[in-house]
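Notes to accompany the following structure.
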Amino acid sequence: MKIGILAVQGDFEAHAAMLERLGVETAEIRTPAQLEGCDGLILPGGESTTQLQFLREEGLADAIEKFAKQGGAIFGTCAGAILLATEVQNPEQDSLKLLDMTVLRNAYGRQIASDVVSGPTKLKSEPLEMVFIRGPIIERAGPSLKILAEYAGKPALVQRSQIMAATFHPELTDDTTVHEHFLSLVAAGASQAAGSAKS
Amino acid sequence: MDAKKPNGSGNGTKGSNEWRVKVGLAEMLKGGVIMDVTNAEQAKIAEKAGACAVMALERVPSDIRKEGGVARMASIKVIREIMATVTIPVMAKVRIGHFAEAEVLQALEVDFIDESEVLTPADEENHIWKHDYRVPFVCGARNLGEALRRIAEGAAMIRTKGEAGSGNVVEAVRHMRAIVSQMKKLTTMRDDELMREAKELGAPLELIRQIAKTGKLPVPNFSAGGIATPADAALVRRLGAEAVFVGSGIFKSSDPETRAKAVVKAATHFEDAKAVLEAHEELGEAMRGLDVRQMEEKDMLSTRGW
């Protein structure tokens with residue numbers, strides 16, 4: 001299994017370190033060609049305006065859309081979640097539109113409001129530690145989305161089949177729960193692809 | 001902050017989570033370019049070009065150098081306008097040791113504070129005790145000892161000092177090479193040699209021991225000071241910088257918009273010479289540079305602070 005991590009800008013190294021701990025091979029993705037051969041893709045935190053520029057101008061947006069269509073698993077954190085949303089506000093912004101949700105950027109305020117909190121999750125019985133850094137809020141989650149974790153009454157971790165988004169940064173904690181869940185989606189996608197190839 | 005406690009009285013009780021979100025924001029800026037801007041219009045240009053943050057200041061370093069006088073924290077009105085204009089993080093500079101300016105910027109809610117040698121130092125003996133703030137700080141360093149002293153004081157990000165406003169990358173290269181090679185040396189040393197190294201570098205043993213194990217700074221390591229072209233950005237990235245600051249290089253060039261975009265491209269694709277070539281294709285004239293070797297000690301900004 002190989003997981004690509006979009007490395008145009010942001011905390012891609014933190015995701016790589018987390019996946020290395022889980023014994024998974026990773027690749028930094030800066031060009032569409034580098035996505036070939038990846039079973040999953042992580043869109044890390046960072047500045048969505050910067051990342052969007054690279055996605056639009058260097059053919060990465062098309063490559064990611066194609067990757068999703070072919071059943072590739074994708075996980076976006078913070079800026080990555082913003083990129084996955086169908087609608088972005090505060091201010092309005094273009095996106096990949098792969099998850100039916102409305103996301104408000106910088107919704108908690110400036111850096112001074114960044115914090116480490118915890119919230120209930122369906123992934124384990126204890127609450128999940130969540131690091132919010134100038135984080136967005138999922139203001140509306142469409143009916144196609146499963147809500148896997150919440151904070152202060154708002155969805156914080158959502159999933160639709162093999163695509164997942166978090167408004168917080170599981171890669172900045174010692175808890176591997178969220179990444180392990182993502183890897184299970186990657187594995188399920190891979191076995192499904194193998195099954196359909198057989199039939 | 002308790003008025004009876006001196007500046008420097010500790011980290012408070014919720015230190016660890018606070019520290020994580022401070023270093024966390026620095027992590028988010030990796031791979032990007034932080035651009036100096038002096039007004040909202042420039043900030044907009046920087047954001048549109050793909051800057052991951054902007055540094056709000058009154059004059060860019062090359063003008064501070066030319067005009068002289070005392071350089072202070074930027075006007076609040078200008079910083080506010082910049083904060084209201086862009087959605088990316090806004091940083092602002094305070095004078096070395098000027099903890100009251102830092103408190104003002106924290107009250108203003110800037111996203112990052114640069115305790116910077118580019119401004120005229122307010123204290124020639126002491127730097128700010130940065131653990132006392134919720135807003136993260138970045139500080140300049142010329143070598144590993146200086147970097148670790150700043151981290152021990154609470155800096156959540158280190159950048160090379162370079163020689164700001166010179167348009168000359170030579171000092172940034174010198175500082176980045178020094179930091180990286182000193183870290184590499186630590187990883188080869190025996191435990192019983194580390195105390196002497198801590199003494200030589202003037203840095204806390206605890207941090208020295210940590211680097212001996214990891215070979216890395218405990219906070220992101222960026223580069224600043226004299227970066228003027230896409231190839232300059234690629235150079236410092238290749239030498240170990242995890243992101244770059246560009247000061248006078250953008251808005252003192254003949255083509256700020258194109259150049260800003262080109263530097264952003266090169267900072268990301270720093271290992272791909274073809275991409276750096278493409279970044280250079282459309283460029284006009286870079287800012288006029290200064291030969292650092294012709295400069296007198298009193299004109300050097302990098303020697304401010306310790």
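By convention in this document, the chains of the structure tokens carry letters A, B, ... by their order, each chain's residues are numbered from 1, and ligands are numbered from 1 in the order they are shown.
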Name the residues in contact with Lys122 in chain A at a cut-off of 12 Å, using only C-alpha atoms, excluding same-chain residues fewer than 5 positions from it; report them as an mmCIF file with N, CA and C atoms, in the first residue's frame.
```cif
data_model
loop_
_atom_site.group_PDB
_atom_site.id
_atom_site.type_symbol
_atom_site.label_atom_id
_atom_site.label_comp_id
_atom_site.auth_asym_id
_atom_site.auth_seq_id
_atom_site.Cartn_x
_atom_site.Cartn_y
_atom_site.Cartn_z
ATOM 1 N N PRO A 127 -13.384 9.924 23.936
ATOM 2 C CA PRO A 127 -13.416 11.090 23.040
ATOM 3 C C PRO A 127 -12.101 11.222 22.259
ATOM 4 N N LEU A 128 -12.198 11.868 21.118
ATOM 5 C CA LEU A 128 -11.046 12.026 20.238
ATOM 6 C C LEU A 128 -10.379 13.372 20.513
ATOM 7 N N LYS A 146 -21.422 10.572 6.296
ATOM 8 C CA LYS A 146 -21.464 9.985 7.633
ATOM 9 C C LYS A 146 -20.662 10.885 8.544
ATOM 10 N N ILE A 147 -21.214 11.215 9.712
ATOM 11 C CA ILE A 147 -20.473 12.064 10.647
ATOM 12 C C ILE A 147 -19.772 11.164 11.658
ATOM 13 N N LEU A 148 -18.446 11.157 11.618
ATOM 14 C CA LEU A 148 -17.663 10.241 12.458
ATOM 15 C C LEU A 148 -17.189 10.877 13.756
ATOM 16 N N ALA A 149 -17.150 12.196 13.803
ATOM 17 C CA ALA A 149 -16.768 12.882 15.040
ATOM 18 C C ALA A 149 -17.332 14.285 15.015
ATOM 19 N N GLU A 150 -17.572 14.809 16.225
ATOM 20 C CA GLU A 150 -18.154 16.151 16.335
ATOM 21 C C GLU A 150 -17.389 16.953 17.361
ATOM 22 N N PRO A 155 -20.129 18.892 12.870
ATOM 23 C CA PRO A 155 -19.341 17.761 12.371
ATOM 24 C C PRO A 155 -17.869 18.168 12.245
ATOM 25 N N ALA A 156 -16.965 17.298 12.720
ATOM 26 C CA ALA A 156 -15.540 17.607 12.620
ATOM 27 C C ALA A 156 -14.797 16.575 11.781
ATOM 28 N N LEU A 157 -15.428 15.375 11.651
ATOM 29 C CA LEU A 157 -14.832 14.323 10.815
ATOM 30 C C LEU A 157 -15.972 13.684 10.037
ATOM 31 N N VAL A 158 -15.917 13.754 8.704
ATOM 32 C CA VAL A 158 -17.011 13.227 7.888
ATOM 33 C C VAL A 158 -16.466 12.288 6.813
ATOM 34 N N GLN A 159 -17.356 11.421 6.313
ATOM 35 C CA GLN A 159 -16.925 10.435 5.322
ATOM 36 C C GLN A 159 -18.050 10.122 4.347
ATOM 37 N N THR A 177 -5.849 6.690 15.564
ATOM 38 C CA THR A 177 -7.194 6.192 15.232
ATOM 39 C C THR A 177 -7.690 6.656 13.863
ATOM 40 N N VAL A 178 -7.619 7.966 13.611
ATOM 41 C CA VAL A 178 -8.213 8.510 12.383
ATOM 42 C C VAL A 178 -7.443 8.022 11.149
ATOM 43 N N HIS A 181 -8.303 4.476 10.434
ATOM 44 C CA HIS A 181 -9.601 4.376 9.757
ATOM 45 C C HIS A 181 -9.439 4.678 8.267
#
```
Do you have, as JSON lines, the list of residues of chain B lying at most 8 Å from chain A, each with its nearest atom pair and that distance in Å to one decimal, counting only C-alpha atoms and ordered by chain then number?
```
{"residue": "B:Asn17", "atom": "CA", "partner": "A:Val116", "partner_atom": "CA", "distance": 6.0}
{"residue": "B:Glu18", "atom": "CA", "partner": "A:Asp115", "partner_atom": "CA", "distance": 7.1}
{"residue": "B:Val21", "atom": "CA", "partner": "A:Asp115", "partner_atom": "CA", "distance": 6.2}
{"residue": "B:Gly24", "atom": "CA", "partner": "A:Ile133", "partner_atom": "CA", "distance": 7.0}
{"residue": "B:Leu25", "atom": "CA", "partner": "A:Ile133", "partner_atom": "CA", "distance": 6.3}
{"residue": "B:Glu27", "atom": "CA", "partner": "A:Asp11", "partner_atom": "CA", "distance": 5.2}
{"residue": "B:Met28", "atom": "CA", "partner": "A:Gly46", "partner_atom": "CA", "distance": 4.3}
{"residue": "B:Leu29", "atom": "CA", "partner": "A:Gly10", "partner_atom": "CA", "distance": 5.5}
{"residue": "B:Lys30", "atom": "CA", "partner": "A:Gly10", "partner_atom": "CA", "distance": 5.1}
{"residue": "B:Gly31", "atom": "CA", "partner": "A:Gln9", "partner_atom": "CA", "distance": 4.6}
{"residue": "B:Gly32", "atom": "CA", "partner": "A:Gln9", "partner_atom": "CA", "distance": 5.5}
{"residue": "B:Glu47", "atom": "CA", "partner": "A:Thr49", "partner_atom": "CA", "distance": 7.5}
{"residue": "B:Lys48", "atom": "CA", "partner": "A:Thr49", "partner_atom": "CA", "distance": 7.9}
{"residue": "B:Ala49", "atom": "CA", "partner": "A:Thr50", "partner_atom": "CA", "distance": 7.9}
{"residue": "B:Gly50", "atom": "CA", "partner": "A:Thr50", "partner_atom": "CA", "distance": 4.4}
{"residue": "B:Ala51", "atom": "CA", "partner": "A:Thr50", "partner_atom": "CA", "distance": 6.3}
{"residue": "B:Cys52", "atom": "CA", "partner": "A:Glu47", "partner_atom": "CA", "distance": 5.7}
{"residue": "B:Thr87", "atom": "CA", "partner": "A:Asn106", "partner_atom": "CA", "distance": 7.9}
{"residue": "B:Ile88", "atom": "CA", "partner": "A:Glu47", "partner_atom": "CA", "distance": 6.8}
{"residue": "B:Pro89", "atom": "CA", "partner": "A:Arg110", "partner_atom": "CA", "distance": 7.9}
{"residue": "B:Glu109", "atom": "CA", "partner": "A:Ile112", "partner_atom": "CA", "distance": 6.4}
{"residue": "B:Val110", "atom": "CA", "partner": "A:Arg110", "partner_atom": "CA", "distance": 7.5}
{"residue": "B:Asp111", "atom": "CA", "partner": "A:Gln111", "partner_atom": "CA", "distance": 5.0}
{"residue": "B:Phe112", "atom": "CA", "partner": "A:Gln111", "partner_atom": "CA", "distance": 7.9}
{"residue": "B:Arg134", "atom": "CA", "partner": "A:Ile112", "partner_atom": "CA", "distance": 6.3}
{"residue": "B:Val135", "atom": "CA", "partner": "A:Ile112", "partner_atom": "CA", "distance": 5.8}
{"residue": "B:Thr268", "atom": "CA", "partner": "A:Val8", "partner_atom": "CA", "distance": 5.5}
{"residue": "B:His269", "atom": "CA", "partner": "A:Arg30", "partner_atom": "CA", "distance": 7.4}
```
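Separating CA of Gln182 in chain B from CA of Asn143 in chain B is a distance of 7.9 Å.
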Quiz item: If we count only C-alpha atoms, what is near range 58-75 of chain A at a cut-off of 6 Å, once residues fewer than 6 positions away on the same chain are taken out, given as a list in words?
Solution: Pro32, Gly40, Leu41, Ile42, Gln162, Ile163, Met164, Ala165 and Val186 of chain A
Exercise. Based on DSSP run over this structure's backbone, return all residues of range 65-195 of chain B in alpha helix (DSSP H), as a PyMOL selection string.
Key: chain B and resi 65-67+76-85+99-108+144-152+170-187+191-195
Exercise. Return the single residue from A:Leu43, A:Ala152, A:Ile82, A:Val88 that is closest to Ser118 in chain A, with distances computed using only C-alpha atoms.
Key: A:Ala152
Could you list, as a CSV table (one decimal) with all heavy atoms, in the first residue's frame, every residue within 12 Å of Glu153 in chain B, counting only C-alpha atoms and ignoring same-chain residues fewer than 2 positions away?
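Generated file (out37.csv):
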```
chain,number,residue,atom,x,y,z
B,7,ASN,N,9.2,39.7,33.2
B,7,ASN,CA,9.2,39.2,31.9
B,7,ASN,C,10.1,38.0,31.9
B,7,ASN,O,11.3,38.1,32.1
B,7,ASN,CB,9.6,40.2,30.9
B,7,ASN,CG,9.7,39.6,29.5
B,7,ASN,OD1,8.7,39.0,29.1
B,7,ASN,ND2,10.7,39.9,28.7
B,8,GLY,N,9.6,36.8,31.8
B,8,GLY,CA,10.5,35.6,31.9
B,8,GLY,C,10.2,34.7,33.0
B,8,GLY,O,11.0,34.0,33.5
B,9,SER,N,9.0,34.7,33.5
B,9,SER,CA,8.7,34.0,34.7
B,9,SER,C,8.0,32.6,34.5
B,9,SER,O,7.6,32.0,35.4
B,9,SER,CB,7.9,34.8,35.7
B,9,SER,OG,6.7,35.2,35.0
B,10,GLY,N,8.0,32.2,33.3
B,10,GLY,CA,7.5,30.8,33.1
B,10,GLY,C,6.4,30.6,32.1
B,10,GLY,O,6.0,31.5,31.5
B,11,ASN,N,6.0,29.4,32.0
B,11,ASN,CA,5.3,28.9,30.9
B,11,ASN,C,3.8,28.7,31.2
B,11,ASN,O,3.1,28.3,30.4
B,11,ASN,CB,5.9,27.6,30.5
B,11,ASN,CG,5.6,27.2,29.1
B,11,ASN,OD1,4.8,27.9,28.5
B,11,ASN,ND2,6.1,26.1,28.7
B,19,TRP,N,1.7,25.2,23.4
B,19,TRP,CA,2.9,25.0,22.6
B,19,TRP,C,2.6,24.2,21.3
B,19,TRP,O,3.1,24.5,20.3
B,19,TRP,CB,4.0,24.2,23.5
B,19,TRP,CG,5.3,23.9,22.8
B,19,TRP,CD1,5.8,22.7,22.5
B,19,TRP,CD2,6.2,24.8,22.3
B,19,TRP,NE1,7.0,22.8,21.9
B,19,TRP,CE2,7.3,24.1,21.7
B,19,TRP,CE3,6.3,26.2,22.3
B,19,TRP,CZ2,8.4,24.7,21.1
B,19,TRP,CZ3,7.4,26.8,21.7
B,19,TRP,CH2,8.5,26.0,21.1
B,97,GLY,N,13.5,42.2,22.3
B,97,GLY,CA,13.3,42.6,23.7
B,97,GLY,C,12.1,43.5,24.0
B,97,GLY,O,11.9,43.7,25.2
B,115,GLU,N,10.2,38.5,16.3
B,115,GLU,CA,11.1,39.3,17.2
B,115,GLU,C,12.3,39.5,16.3
B,115,GLU,O,13.1,38.6,16.2
B,115,GLU,CB,11.4,38.6,18.5
B,115,GLU,CG,12.2,39.5,19.4
B,115,GLU,CD,12.6,38.8,20.7
B,115,GLU,OE1,12.6,37.5,20.8
B,115,GLU,OE2,12.9,39.5,21.7
B,126,ASN,N,18.6,41.3,26.5
B,126,ASN,CA,17.5,40.3,26.7
B,126,ASN,C,16.6,40.2,25.5
B,126,ASN,O,16.1,41.2,25.0
B,126,ASN,CB,16.7,40.5,27.9
B,126,ASN,CG,17.6,40.7,29.2
B,126,ASN,OD1,18.3,39.8,29.6
B,126,ASN,ND2,17.7,42.0,29.7
B,127,HIS,N,16.2,39.0,25.2
B,127,HIS,CA,15.2,38.8,24.2
B,127,HIS,C,13.9,38.6,25.0
B,127,HIS,O,13.9,38.4,26.2
B,127,HIS,CB,15.4,37.6,23.3
B,127,HIS,CG,16.5,37.8,22.3
B,127,HIS,ND1,16.3,37.9,21.0
B,127,HIS,CD2,17.8,38.0,22.4
B,127,HIS,CE1,17.4,38.1,20.3
B,127,HIS,NE2,18.4,38.2,21.2
B,128,ILE,N,12.7,38.6,24.3
B,128,ILE,CA,11.4,38.4,24.9
B,128,ILE,C,11.3,37.0,25.4
B,128,ILE,O,11.8,36.0,24.8
B,128,ILE,CB,10.3,38.7,23.9
B,128,ILE,CG1,10.4,40.2,23.5
B,128,ILE,CG2,8.9,38.4,24.5
B,128,ILE,CD1,9.5,40.6,22.4
B,129,TRP,N,10.7,36.8,26.6
B,129,TRP,CA,10.3,35.4,27.1
B,129,TRP,C,9.0,35.0,26.4
B,129,TRP,O,8.0,35.4,26.8
B,129,TRP,CB,10.2,35.4,28.6
B,129,TRP,CG,10.0,34.0,29.1
B,129,TRP,CD1,8.9,33.5,29.6
B,129,TRP,CD2,11.0,33.0,29.2
B,129,TRP,NE1,9.1,32.2,30.0
B,129,TRP,CE2,10.4,31.9,29.7
B,129,TRP,CE3,12.4,32.9,28.9
B,129,TRP,CZ2,11.1,30.7,30.0
B,129,TRP,CZ3,13.0,31.7,29.1
B,129,TRP,CH2,12.4,30.6,29.6
B,130,LYS,N,9.2,34.3,25.4
B,130,LYS,CA,8.1,34.1,24.4
B,130,LYS,C,7.1,33.0,24.9
B,130,LYS,O,6.0,32.9,24.4
B,130,LYS,CB,8.7,33.7,23.1
B,130,LYS,CG,9.4,35.0,22.5
B,130,LYS,CD,10.3,34.6,21.3
B,130,LYS,CE,11.7,34.1,21.8
B,130,LYS,NZ,12.6,35.2,22.2
B,131,HIS,N,7.4,32.3,25.9
B,131,HIS,CA,6.5,31.3,26.5
B,131,HIS,C,5.3,32.0,27.1
B,131,HIS,O,4.2,31.4,27.3
B,131,HIS,CB,7.2,30.5,27.6
B,131,HIS,CG,8.1,29.5,27.1
B,131,HIS,ND1,7.8,28.4,26.3
B,131,HIS,CD2,9.5,29.4,27.2
B,131,HIS,CE1,8.8,27.7,26.0
B,131,HIS,NE2,9.9,28.2,26.5
B,132,ASP,N,5.4,33.3,27.5
B,132,ASP,CA,4.3,34.0,28.1
B,132,ASP,C,3.2,34.3,27.2
B,132,ASP,O,2.2,34.8,27.6
B,132,ASP,CB,4.8,35.3,28.7
B,132,ASP,CG,5.5,35.0,30.1
B,132,ASP,OD1,5.3,33.9,30.6
B,132,ASP,OD2,6.2,35.9,30.6
B,133,TYR,N,3.3,34.1,25.9
B,133,TYR,CA,2.3,34.5,24.9
B,133,TYR,C,1.6,33.3,24.3
B,133,TYR,O,2.1,32.3,24.1
B,133,TYR,CB,3.0,35.3,23.8
B,133,TYR,CG,3.7,36.6,24.3
B,133,TYR,CD1,4.9,36.5,25.0
B,133,TYR,CD2,3.1,37.8,24.2
B,133,TYR,CE1,5.5,37.6,25.5
B,133,TYR,CE2,3.7,38.9,24.7
B,133,TYR,CZ,4.9,38.8,25.4
B,133,TYR,OH,5.5,39.9,25.9
B,136,PRO,N,2.2,32.6,18.6
B,136,PRO,CA,3.5,32.1,18.4
B,136,PRO,C,4.5,33.1,17.9
B,136,PRO,O,4.1,34.1,17.3
B,136,PRO,CB,3.3,31.0,17.3
B,136,PRO,CG,2.0,31.4,16.7
B,136,PRO,CD,1.2,32.1,17.7
B,137,PHE,N,5.8,32.9,18.2
B,137,PHE,CA,6.9,33.7,17.8
B,137,PHE,C,7.8,33.0,16.8
B,137,PHE,O,8.1,31.8,16.9
B,137,PHE,CB,7.7,34.2,19.0
B,137,PHE,CG,7.2,35.3,19.8
B,137,PHE,CD1,6.1,35.1,20.6
B,137,PHE,CD2,7.8,36.6,19.7
B,137,PHE,CE1,5.6,36.2,21.4
B,137,PHE,CE2,7.3,37.6,20.5
B,137,PHE,CZ,6.2,37.4,21.3
B,138,VAL,N,8.4,33.8,15.9
B,138,VAL,CA,9.5,33.4,15.1
B,138,VAL,C,10.7,34.3,15.4
B,138,VAL,O,10.5,35.4,15.7
B,138,VAL,CB,9.2,33.4,13.6
B,138,VAL,CG1,8.6,34.7,13.1
B,138,VAL,CG2,10.4,33.0,12.7
B,139,CYS,N,11.9,33.7,15.4
B,139,CYS,CA,13.1,34.5,15.7
B,139,CYS,C,14.2,34.1,14.7
B,139,CYS,O,14.2,33.0,14.2
B,139,CYS,CB,13.6,34.2,17.1
B,139,CYS,SG,12.6,34.9,18.4
B,146,GLU,N,22.3,30.0,18.7
B,146,GLU,CA,21.4,31.1,18.7
B,146,GLU,C,19.9,30.6,18.5
B,146,GLU,O,19.0,31.0,19.2
B,146,GLU,CB,21.7,32.1,17.6
B,146,GLU,CG,21.1,33.5,17.8
B,146,GLU,CD,21.7,34.5,16.8
B,146,GLU,OE1,22.5,34.2,15.9
B,146,GLU,OE2,21.2,35.7,16.9
B,147,ALA,N,19.8,29.6,17.6
B,147,ALA,CA,18.5,29.0,17.4
B,147,ALA,C,17.9,28.4,18.6
B,147,ALA,O,16.8,28.6,19.0
B,147,ALA,CB,18.6,28.0,16.2
B,148,LEU,N,18.8,27.6,19.4
B,148,LEU,CA,18.3,26.9,20.5
B,148,LEU,C,18.1,27.9,21.7
B,148,LEU,O,17.2,27.6,22.5
B,148,LEU,CB,19.3,25.9,20.9
B,148,LEU,CG,19.5,24.7,19.9
B,148,LEU,CD1,20.5,23.7,20.4
B,148,LEU,CD2,18.2,24.1,19.5
B,149,ARG,N,18.8,29.0,21.8
B,149,ARG,CA,18.5,29.9,22.9
B,149,ARG,C,17.1,30.5,22.6
B,149,ARG,O,16.3,30.7,23.5
B,149,ARG,CB,19.6,31.1,22.9
B,149,ARG,CG,20.9,30.6,23.4
B,149,ARG,CD,21.9,31.7,23.7
B,149,ARG,NE,22.4,32.4,22.5
B,149,ARG,CZ,23.4,31.9,21.8
B,149,ARG,NH1,24.0,30.8,22.1
B,149,ARG,NH2,23.8,32.6,20.7
B,150,ARG,N,16.8,30.8,21.4
B,150,ARG,CA,15.5,31.4,21.1
B,150,ARG,C,14.4,30.3,21.3
B,150,ARG,O,13.3,30.7,21.8
B,150,ARG,CB,15.4,31.9,19.6
B,150,ARG,CG,16.4,33.0,19.2
B,150,ARG,CD,16.1,34.3,19.9
B,150,ARG,NE,16.7,34.4,21.2
B,150,ARG,CZ,18.0,34.6,21.5
B,150,ARG,NH1,18.8,34.8,20.5
B,150,ARG,NH2,18.4,34.7,22.7
B,151,ILE,N,14.6,29.1,21.0
B,151,ILE,CA,13.6,28.0,21.2
B,151,ILE,C,13.4,27.9,22.7
B,151,ILE,O,12.3,27.7,23.1
B,151,ILE,CB,14.0,26.7,20.5
B,151,ILE,CG1,14.0,26.9,19.0
B,151,ILE,CG2,13.1,25.6,20.9
B,151,ILE,CD1,14.7,25.8,18.2
B,155,ALA,N,10.4,30.4,21.2
B,155,ALA,CA,10.1,30.6,19.8
B,155,ALA,C,9.6,29.3,19.2
B,155,ALA,O,10.1,28.2,19.4
B,155,ALA,CB,11.4,31.0,19.0
B,156,ALA,N,8.5,29.4,18.4
B,156,ALA,CA,7.9,28.2,17.8
B,156,ALA,C,8.3,28.0,16.4
B,156,ALA,O,7.9,27.1,15.7
B,156,ALA,CB,6.3,28.4,17.8
B,157,MET,N,9.2,28.9,15.9
B,157,MET,CA,9.7,28.8,14.5
B,157,MET,C,11.1,29.5,14.5
B,157,MET,O,11.2,30.5,15.2
B,157,MET,CB,8.8,29.4,13.5
B,157,MET,CG,9.3,29.4,12.0
B,157,MET,SD,8.5,30.6,11.0
B,157,MET,CE,6.8,30.1,11.0
B,158,ILE,N,12.0,28.9,13.8
B,158,ILE,CA,13.3,29.6,13.6
B,158,ILE,C,13.5,29.9,12.1
B,158,ILE,O,13.1,29.2,11.3
B,158,ILE,CB,14.5,28.7,14.1
B,158,ILE,CG1,14.4,28.5,15.6
B,158,ILE,CG2,15.8,29.2,13.6
B,158,ILE,CD1,14.6,29.8,16.4
B,203,ALA,N,23.9,26.7,24.6
B,203,ALA,CA,22.5,26.3,24.4
B,203,ALA,C,22.2,25.3,25.5
B,203,ALA,O,23.1,24.6,26.0
B,203,ALA,CB,22.4,25.7,23.1
B,204,PRO,N,20.9,25.2,25.9
B,204,PRO,CA,20.5,24.2,26.9
B,204,PRO,C,20.8,22.8,26.6
B,204,PRO,O,20.5,22.4,25.4
B,204,PRO,CB,19.0,24.4,27.0
B,204,PRO,CG,18.7,25.7,26.4
B,204,PRO,CD,19.8,25.9,25.4
B,207,LEU,N,18.0,20.5,25.0
B,207,LEU,CA,17.7,20.7,23.6
B,207,LEU,C,18.9,20.0,22.8
B,207,LEU,O,18.6,19.4,21.7
B,207,LEU,CB,17.6,22.1,23.2
B,207,LEU,CG,16.3,22.8,23.7
B,207,LEU,CD1,16.3,24.3,23.4
B,207,LEU,CD2,15.1,22.2,23.1
```
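Distance annotation: of A:Glu171, A:Pro136, A:Ser184, A:Leu96, the residue with the minimal separation from His15 in chain A is A:Glu171; atom set is only C-alpha atoms.
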Practice problem: Counting only C-alpha atoms, figure out which residue out of A:Asp174, A:Ala16, A:Met101, A:Thr167 gets nearest to Tyr151 in chain A. | Solution: A:Thr167
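Near Phe251 in chain B, within 9 Å and counting only C-alpha atoms, sit Asp36, Val37, Gln42, Val60, Gly247, Asp255, Pro256, Glu257, Arg259, Ala260 and Met287 of chain B; same-chain residues fewer than 4 positions away were not included.
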Quiz prompt | strand (DSSP E or B) call set, DSSP backbone run, range 49-288 of chain B, as a PyMOL selection string | solution = chain B and resi 53-56+90-95+112-116+137-141+157-160+221-223+244-246
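Distance check against Lys161 in chain B using only C-alpha atoms: of B:Gly225, B:Gly202, B:Gly69, B:Gly240, the minimum falls on B:Gly225.
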Exercise. State, in Å with one decimal place, the distance from CA of Ile82 in chain B to CA of Asn39 in chain B.
Key: 6.3 Å
Neighbour list for Pro61 in chain B as a tab-separated table (two decimals) with N, CA, C and O atoms, in the first residue's frame, cut-off 7 Å, only C-alpha atoms, skip fewer than 4 positions in-chain:
```
chain	number	residue	atom	x	y	z
B	65	ARG	N	17.11	50.22	5.70
B	65	ARG	CA	18.56	50.35	5.52
B	65	ARG	C	18.92	51.71	4.93
B	65	ARG	O	19.84	52.38	5.38
B	118	VAL	N	15.58	43.12	12.15
B	118	VAL	CA	15.39	44.13	11.11
B	118	VAL	C	14.96	45.46	11.74
B	118	VAL	O	15.28	46.54	11.25
B	164	ALA	N	19.03	40.97	5.90
B	164	ALA	CA	17.77	41.48	5.37
B	164	ALA	C	18.00	42.75	4.55
B	164	ALA	O	18.84	43.58	4.90
B	165	GLY	N	17.24	42.86	3.47
B	165	GLY	CA	17.29	44.08	2.66
B	165	GLY	C	18.53	44.21	1.80
B	165	GLY	O	18.76	45.23	1.18
B	247	GLY	N	11.57	39.27	1.78
B	247	GLY	CA	11.32	40.62	2.27
B	247	GLY	C	11.27	41.61	1.13
B	247	GLY	O	10.30	41.66	0.37
B	248	SER	N	12.35	42.35	0.98
B	248	SER	CA	12.41	43.40	-0.04
B	248	SER	C	12.37	42.81	-1.45
B	248	SER	O	12.01	43.51	-2.40
```
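Interatomic distance, CA of Ala40 in chain B against CA of Ala56 in chain B: 9.0 Å.
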Quiz item: Between A:Arg56, A:Lys2, A:Lys124, A:Arg140, which has the minimum distance to Leu183 in chain A (counting only C-alpha atoms)?
Solution: A:Lys2
Quiz item: Which residue out of A:Arg160, A:Gln192, A:Leu19, A:Ala187 has the minimum interatomic distance to Pro143 in chain A when only C-alpha atoms are used?
Solution: A:Arg160
